[in-house]
Each structure stands twice: as structure tokens, then as C-alpha cells.
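data-v3.txt, holding compact mmCIF, C-alpha atoms:
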# COMPACT_ATOMS: atom_id res chain seq x y z
CA MET A 1024 0.00 0.00 0.00
CA LYS A 1025 1.41 3.39 -0.97
CA GLN A 1026 1.45 6.42 1.31
CA LEU A 1027 -1.31 8.96 0.65
CA ASP A 1028 -0.05 12.40 -0.35
CA TYR A 1029 -0.03 15.50 1.85
CA LEU A 1030 -3.14 17.22 0.45
CA THR A 1031 -5.18 14.02 0.72
CA LEU A 1032 -4.07 13.51 4.32
CA LYS A 1033 -4.93 17.13 5.10
CA ALA A 1034 -8.41 16.61 3.66
CA ILE A 1035 -8.89 13.39 5.65
CA PHE A 1036 -7.93 14.92 8.97
CA ALA A 1037 -9.89 18.09 8.28
CA ARG A 1038 -12.92 15.81 7.87
CA PHE A 1039 -12.14 14.00 11.14
CA ALA A 1040 -11.74 17.35 12.90
CA GLU A 1041 -14.99 18.67 11.50
CA LEU A 1042 -16.93 15.63 12.69
CA ASN A 1043 -15.20 15.29 16.09
CA PRO A 1044 -13.19 18.40 17.04
CA GLU A 1045 -12.09 17.09 20.46
CA PRO A 1046 -11.81 13.28 20.34
CA LYS A 1047 -11.36 11.64 23.71
CA GLY A 1048 -9.88 8.38 24.89
CA GLU A 1049 -12.50 6.00 26.25
CA LEU A 1050 -10.64 4.82 29.36
CA HIS A 1051 -12.05 6.32 32.56
CA HIS A 1052 -9.54 8.13 34.78
CA THR A 1053 -9.35 10.99 37.27
CA ASN A 1054 -5.65 11.90 37.27
CA ALA A 1055 -2.33 11.00 35.67
CA PHE A 1056 -1.87 7.96 37.87
CA THR A 1057 -5.28 6.44 37.18
CA LEU A 1058 -4.78 7.09 33.46
CA LEU A 1059 -1.41 5.33 33.57
CA VAL A 1060 -2.91 2.36 35.40
CA ALA A 1061 -5.95 2.18 33.11
CA VAL A 1062 -3.81 2.17 29.96
CA ALA A 1063 -1.46 -0.45 31.42
CA LEU A 1064 -4.48 -2.62 32.27
CA SER A 1065 -5.93 -2.23 28.77
CA ALA A 1066 -3.27 -4.35 27.04
CA GLN A 1067 -5.07 -7.28 25.37
CA SER A 1068 -8.32 -6.09 26.99
CA THR A 1069 -11.15 -3.81 25.89
CA ASP A 1070 -11.62 -0.31 27.23
CA VAL A 1071 -15.14 -1.30 28.30
CA GLY A 1072 -13.80 -4.22 30.32
CA VAL A 1073 -11.13 -2.08 31.97
CA ASN A 1074 -13.65 0.62 32.85
CA LYS A 1075 -15.85 -1.95 34.56
CA ALA A 1076 -12.89 -3.27 36.54
CA THR A 1077 -11.67 0.17 37.61
CA ALA A 1078 -15.08 1.61 38.52
CA ASN A 1079 -14.69 0.37 42.08
CA LEU A 1080 -10.88 0.36 42.09
CA PHE A 1081 -10.05 4.00 41.45
CA PRO A 1082 -12.25 5.45 44.22
CA VAL A 1083 -10.08 3.58 46.76
CA ALA A 1084 -6.71 3.57 44.95
CA ASP A 1085 -6.16 6.75 42.93
CA THR A 1086 -2.56 7.43 44.00
CA PRO A 1087 0.55 5.24 44.20
CA ALA A 1088 0.42 5.29 48.00
CA ARG A 1089 -3.24 4.27 48.11
CA MET A 1090 -2.60 1.53 45.55
CA LEU A 1091 0.20 0.12 47.70
CA ALA A 1092 -2.04 0.32 50.76
CA LEU A 1093 -4.69 -1.63 48.89
CA GLY A 1094 -2.17 -4.37 48.15
CA GLU A 1095 -1.70 -6.89 45.37
CA ALA A 1096 -4.29 -9.40 46.58
CA ALA A 1097 -7.09 -6.85 46.75
CA LEU A 1098 -6.04 -5.28 43.45
CA THR A 1099 -6.10 -8.71 41.83
CA GLU A 1100 -9.65 -9.19 43.04
CA HIS A 1101 -10.70 -5.86 41.54
CA ILE A 1102 -9.28 -6.60 38.08
CA LYS A 1103 -9.83 -10.35 37.82
CA THR A 1104 -12.33 -9.90 34.96
CA ILE A 1105 -9.69 -8.61 32.53
CA GLY A 1106 -7.00 -10.52 30.66
CA LEU A 1107 -3.64 -11.26 32.26
CA PHE A 1108 -4.96 -9.82 35.52
CA ARG A 1109 -2.43 -11.47 37.83
CA ASN A 1110 0.58 -10.18 35.93
CA LYS A 1111 -1.01 -6.77 35.55
CA ALA A 1112 -1.73 -6.54 39.28
CA ARG A 1113 1.87 -7.40 40.04
CA ASN A 1114 3.11 -4.71 37.66
CA VAL A 1115 0.75 -2.03 38.99
CA ILE A 1116 2.02 -2.63 42.52
CA LYS A 1117 5.62 -2.51 41.31
CA LEU A 1118 5.13 0.66 39.28
CA SER A 1119 3.37 2.32 42.22
CA GLN A 1120 6.40 1.59 44.39
CA ARG A 1121 8.73 2.89 41.68
CA LEU A 1122 6.75 6.10 41.36
CA ILE A 1123 7.19 6.72 45.07
CA ASP A 1124 10.84 5.66 45.20
CA ASP A 1125 12.10 7.33 42.03
CA PHE A 1126 9.64 10.02 40.98
CA GLY A 1127 8.34 11.59 44.19
CA GLY A 1128 5.00 9.85 43.88
CA GLU A 1129 4.22 11.65 40.60
CA VAL A 1130 3.76 10.27 37.10
CA PRO A 1131 6.78 11.42 35.06
CA SER A 1132 6.32 13.32 31.81
CA SER A 1133 9.03 11.79 29.61
CA ARG A 1134 8.79 8.64 27.51
CA ALA A 1135 12.07 7.29 28.86
CA ALA A 1136 10.93 7.65 32.47
CA LEU A 1137 7.51 6.18 31.77
CA THR A 1138 8.85 3.16 29.92
CA SER A 1139 11.22 2.46 32.80
CA LEU A 1140 8.18 1.55 34.90
CA PRO A 1141 7.11 -2.11 35.19
CA GLY A 1142 4.47 -3.04 32.65
CA VAL A 1143 4.67 0.27 30.77
CA GLY A 1144 5.61 0.04 27.11
CA ARG A 1145 5.94 2.66 24.41
CA LYS A 1146 2.23 2.61 23.52
CA THR A 1147 1.16 3.16 27.14
CA ALA A 1148 3.71 5.94 27.55
CA ASN A 1149 2.52 7.64 24.37
CA VAL A 1150 -1.12 7.57 25.54
CA VAL A 1151 -0.22 9.17 28.88
CA LEU A 1152 2.01 11.78 27.25
CA ASN A 1153 -0.73 12.66 24.79
CA MET A 1154 -3.81 12.61 26.99
CA TRP A 1155 -2.37 14.01 30.20
CA PHE A 1156 0.65 16.05 29.22
CA GLY A 1157 -0.63 17.32 25.86
CA GLN A 1158 2.21 15.97 23.74
CA PRO A 1159 1.56 15.07 20.06
CA THR A 1160 2.59 11.45 20.60
CA GLN A 1161 1.07 8.59 18.62
CA ALA A 1162 -0.12 5.42 20.34
CA VAL A 1163 -0.47 2.73 17.69
CA ASP A 1164 -2.87 -0.08 18.56
CA THR A 1165 -4.34 -2.95 16.52
CA HIS A 1166 -7.04 -0.67 15.06
CA ILE A 1167 -4.49 1.82 13.75
CA LEU A 1168 -2.20 -0.98 12.53
CA ARG A 1169 -5.07 -2.33 10.46
CA LEU A 1170 -6.49 0.84 8.95
CA ALA A 1171 -3.09 2.48 8.44
CA ASN A 1172 -2.23 -0.17 5.87
CA ARG A 1173 -5.75 -0.70 4.54
CA THR A 1174 -6.38 2.96 3.74
CA GLY A 1175 -2.91 4.27 2.91
CA ILE A 1176 -3.11 6.93 5.62
CA CYS A 1177 0.15 5.84 7.26
CA PRO A 1178 1.25 2.37 6.11
CA GLY A 1179 4.05 0.52 7.84
CA LYS A 1180 5.23 -2.97 8.69
CA ASP A 1181 4.80 -2.64 12.46
CA GLU A 1182 3.66 -0.30 15.23
CA LEU A 1183 6.88 1.69 15.35
CA ALA A 1184 6.98 2.20 11.59
CA ILE A 1185 3.37 3.39 11.60
CA GLU A 1186 4.03 5.70 14.54
CA ARG A 1187 6.86 7.25 12.54
CA ALA A 1188 4.68 7.48 9.42
CA ILE A 1189 2.01 9.39 11.36
CA GLU A 1190 4.61 11.80 12.74
CA ASP A 1191 6.26 12.24 9.34
CA HIS A 1192 3.22 12.60 7.09
CA ILE A 1193 0.19 13.92 8.96
CA PRO A 1194 0.03 17.75 9.04
CA ALA A 1195 1.24 19.25 12.30
CA GLU A 1196 -2.07 20.88 13.19
CA TYR A 1197 -3.68 17.42 13.42
CA GLN A 1198 -0.91 15.58 15.25
CA HIS A 1199 -2.26 16.01 18.78
CA HIS A 1200 -5.55 14.23 18.09
CA ALA A 1201 -4.37 12.00 15.24
CA HIS A 1202 -4.18 8.70 17.11
CA HIS A 1203 -7.58 9.23 18.74
CA TRP A 1204 -9.27 9.90 15.41
CA LEU A 1205 -7.60 6.84 13.92
CA ILE A 1206 -8.40 4.57 16.87
CA LEU A 1207 -12.06 5.60 16.90
CA HIS A 1208 -12.29 5.21 13.13
CA GLY A 1209 -10.79 1.74 13.31
CA ARG A 1210 -12.93 0.75 16.27
CA TYR A 1211 -16.29 1.85 14.88
CA ILE A 1212 -16.02 2.32 11.09
CA CYS A 1213 -12.98 0.61 9.55
CA THR A 1214 -13.58 -2.59 11.47
CA ALA A 1215 -11.60 -5.78 11.02
CA ARG A 1216 -13.92 -8.29 9.39
CA LYS A 1217 -16.31 -6.04 7.46
CA PRO A 1218 -15.41 -2.36 7.29
CA ARG A 1219 -18.46 -0.09 7.23
CA CYS A 1220 -17.50 1.66 4.01
CA GLY A 1221 -21.08 2.79 3.38
CA ILE A 1222 -20.95 5.23 6.29
CA CYS A 1223 -17.24 6.06 6.13
CA PRO A 1224 -16.64 9.83 6.10
CA ILE A 1225 -13.30 9.45 4.30
CA ARG A 1226 -14.33 6.81 1.75
CA GLU A 1227 -13.51 9.09 -1.19
CA PHE A 1228 -9.86 9.31 -0.11
CA CYS A 1229 -9.27 5.69 0.91
CA LEU A 1230 -7.11 3.29 -1.13
CA PHE A 1231 -8.87 0.12 0.11
CA GLU A 1232 -9.46 -1.94 -3.02
CA ASP A 1233 -12.54 -3.77 -1.75
CA LYS A 1234 -14.41 -0.76 -0.35
CA HIS A 1235 -17.09 -0.87 -3.04
CA GLU A 1236 -18.06 -4.37 -1.91
CA ASN A 1237 -18.84 -3.00 1.56
CA LEU A 1238 -21.20 -0.18 0.54
Using C-alpha cells, write down the structure that the file contains.
Amino acid sequence: MKQLDYLTLKAIFARFAELNPEPKGELHHTNAFTLLVAVALSAQSTDVGVNKATANLFPVADTPARMLALGEAALTEHIKTIGLFRNKARNVIKLSQRLIDDFGGEVPSSRAALTSLPGVGRKTANVVLNMWFGQPTQAVDTHILRLANRTGICPGKDELAIERAIEDHIPAEYQHHAHHWLILHGRYICTARKPRCGICPIREFCLFEDKHENL
């Protein structure tokens, strides 16, 4: 799949911006710490499932100190409905301790510091940097990986290549919200098995060869 040109990308993201000027992530959180935890818990899980698990968790554990006070056993009980819950509980306790020991109990605002925390990878760090600290970082998930190559918006062989393609090709004025627009589009319109091309707001720009079959 070839890379769409600059003017086409500008038209696509202008359309996204017109339809949804302030796209939001769908993970519930109240501060930087709960956002960090929610994103870490969302790996191989749905946002809906994580939100259900954290609905009763965050009111009692919304800081690293309160999470440590809750303890791993109780945390495990709270999140047992999501995938890999035991490993995730272990990492959340470890990262809470690290935040206290190394970062004064605060969530750091650099990618290097964030990815030094247990269970926090580049994608999680990019979400936190974007949503909480206002940085134009790009968190590439399975939805973006799929539609990036299907549409030609930002094709690449893996998550890192697509992240770079977004940063390199999408106009600067759309960078801050780019990954949210793409995630939402992949989640609700450009779906995996049968993309909803008939209601796609960017159908005219898309390079997907089979889009006419899905009208």
C-alpha cells in the first residue's frame, strides 16, 4: 500500500476534525496515575472491560500510596475480569512503588521515564504523554495498525513504523488528536472483518481496493 499524499491527508484529517473536534480516549480516569494504570491494564483487553474493573478500584486507589495500601491481593480481586490480571496486578504494585521511590509519587512526563516503569511500554507511555501532558505522541494499537495499511493513511510494517509514518506525514495541526481519530475510526467504522464503508466519512480518499463491496 502506498502512502497517501499530503493534500489528501490534510483533507482526511480536516474531515475527522470537523466531525469530532475534540476526540477523547475511552478509558475512565481521574488523574495521571489512574490514566497510567488504566492504559497499562488495557493491554489485550477492551476499554469497556477495563472501565468496569476500575469503577470500584479507582475510588479507593487513585494514588501510588493508596494503591500500595490496597495491596496486590485486593487489586487482583478488583481486576480479575480482565485478561492477564495477575501479571497486571503485580506490575501495577511494582510501578506504584517505583513512582514513590524514584519520581516523588508523581507520574513522570518523559517517555524514557515512563517506559522504565514495570508493565509500561511505548504505547502506554505515548497515551499518557498525549492525553495528560498534551504531547503530540502517537499510540499505535491494533485498530491503527489495520487501517493504516488498509487505507494508505500511514502504512508501515509494524507499530513503530506506523508511529513514525504518522509523525512524518500527517500535518502538524492534526498531530495532537491523530491517534484518537484513527483509533475511533478503526474501532467503529474501519472494522476488522467487514469495514463499514457505506458510512465512512473518508471513503472518497481511501485506497482500500474492496471498499465498493462494503457499501
Env of Thr1069 (chain A): 10 Å cut, atoms = all atoms listed in the file, seq-sep filter 3 positions within chain, self excluded. Answer as a PDB file with C-alpha atoms, in the coordinates of the input.
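Written file, selection-v7.pdb:
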ATOM      1  CA  GLU A1049     -12.500   6.000  26.250  1.00  0.00           C
ATOM      2  CA  LEU A1050     -10.640   4.820  29.360  1.00  0.00           C
ATOM      3  CA  LEU A1064      -4.480  -2.620  32.270  1.00  0.00           C
ATOM      4  CA  SER A1065      -5.930  -2.230  28.770  1.00  0.00           C
ATOM      5  CA  ALA A1066      -3.270  -4.350  27.040  1.00  0.00           C
ATOM      6  CA  GLY A1072     -13.800  -4.220  30.320  1.00  0.00           C
ATOM      7  CA  VAL A1073     -11.130  -2.080  31.970  1.00  0.00           C
ATOM      8  CA  ASN A1074     -13.650   0.620  32.850  1.00  0.00           C
ATOM      9  CA  ILE A1105      -9.690  -8.610  32.530  1.00  0.00           C
ATOM     10  CA  GLY A1106      -7.000 -10.520  30.660  1.00  0.00           C
TER      11      GLY A1106
END
Query raised in the report: Quick one: residues within 9 Å of Lys1234 (chain A), all atoms listed in the file counted, chain neighbours fewer than 4 positions away excluded, as a count of residues only?
Result: 8
Query raised in the report: Skipping near chain neighbours, those fewer than 2 positions away, what residues fall within 8 Å of region 1082-1087 of chain A using all atoms listed in the file, listed as a ChimeraX atom specification?
Result: /A:1053-1054,1056-1057,1078-1080,1089-1091,1093,1119-1120,1122-1123,1128
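Minimum atom-to-atom distances from A:Phe1039, A:Phe1156, A:Trp1204, A:Tyr1029 to Leu1059 (chain A) were compared using all atoms listed in the file, and the lowest value belongs to A:Phe1156.
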Report summary line: Here CA of Asn1114 (chain A) and CA of Thr1099 (chain A) stand apart by 10.9 Å
Query raised in the report: Of the candidates A:Glu1227, A:Glu1041, A:Glu1095, A:Glu1100, which one gets nearest to Thr1174 (chain A) if we count all atoms listed in the file?
Result: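 Among A:Glu1227, A:Glu1041, A:Glu1095, A:Glu1100, it is A:Glu1227 that comes nearest to Thr1174 (chain A).
For Phe1228 (chain A), the list of residues within 9 Å, based on only C-alpha atoms and with local chain neighbours fewer than 6 positions off taken out, reads Leu1027, Thr1031, Leu1032, Ala1034, Ile1035 and Thr1174 of chain A.
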Compile the contact shell of His1192 (chain A) as a tab-separated table (two decimals) with C-alpha atoms, in the frame of the given file: residues with an atom at most 10 Å away, counting all atoms listed in the file, same-chain residues fewer than 3 positions apart removed.
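Okay, this is what ended up in result07.tsv:
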chain	number	residue	atom	x	y	z
A	1026	GLN	CA	1.45	6.42	1.31
A	1027	LEU	CA	-1.31	8.96	0.65
A	1028	ASP	CA	-0.05	12.40	-0.35
A	1029	TYR	CA	-0.03	15.50	1.85
A	1032	LEU	CA	-4.07	13.51	4.32
A	1033	LYS	CA	-4.93	17.13	5.10
A	1176	ILE	CA	-3.11	6.93	5.62
A	1177	CYS	CA	0.15	5.84	7.26
A	1187	ARG	CA	6.86	7.25	12.54
A	1188	ALA	CA	4.68	7.48	9.42
A	1189	ILE	CA	2.01	9.39	11.36
A	1195	ALA	CA	1.24	19.25	12.30
A	1198	GLN	CA	-0.91	15.58	15.25
Report task. Go ahead and compute the interatomic distance for CA of Val1062 (chain A) and CA of Val1150 (chain A), in Å to one decimal. Result ->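 A separation of 7.5 Å between them.
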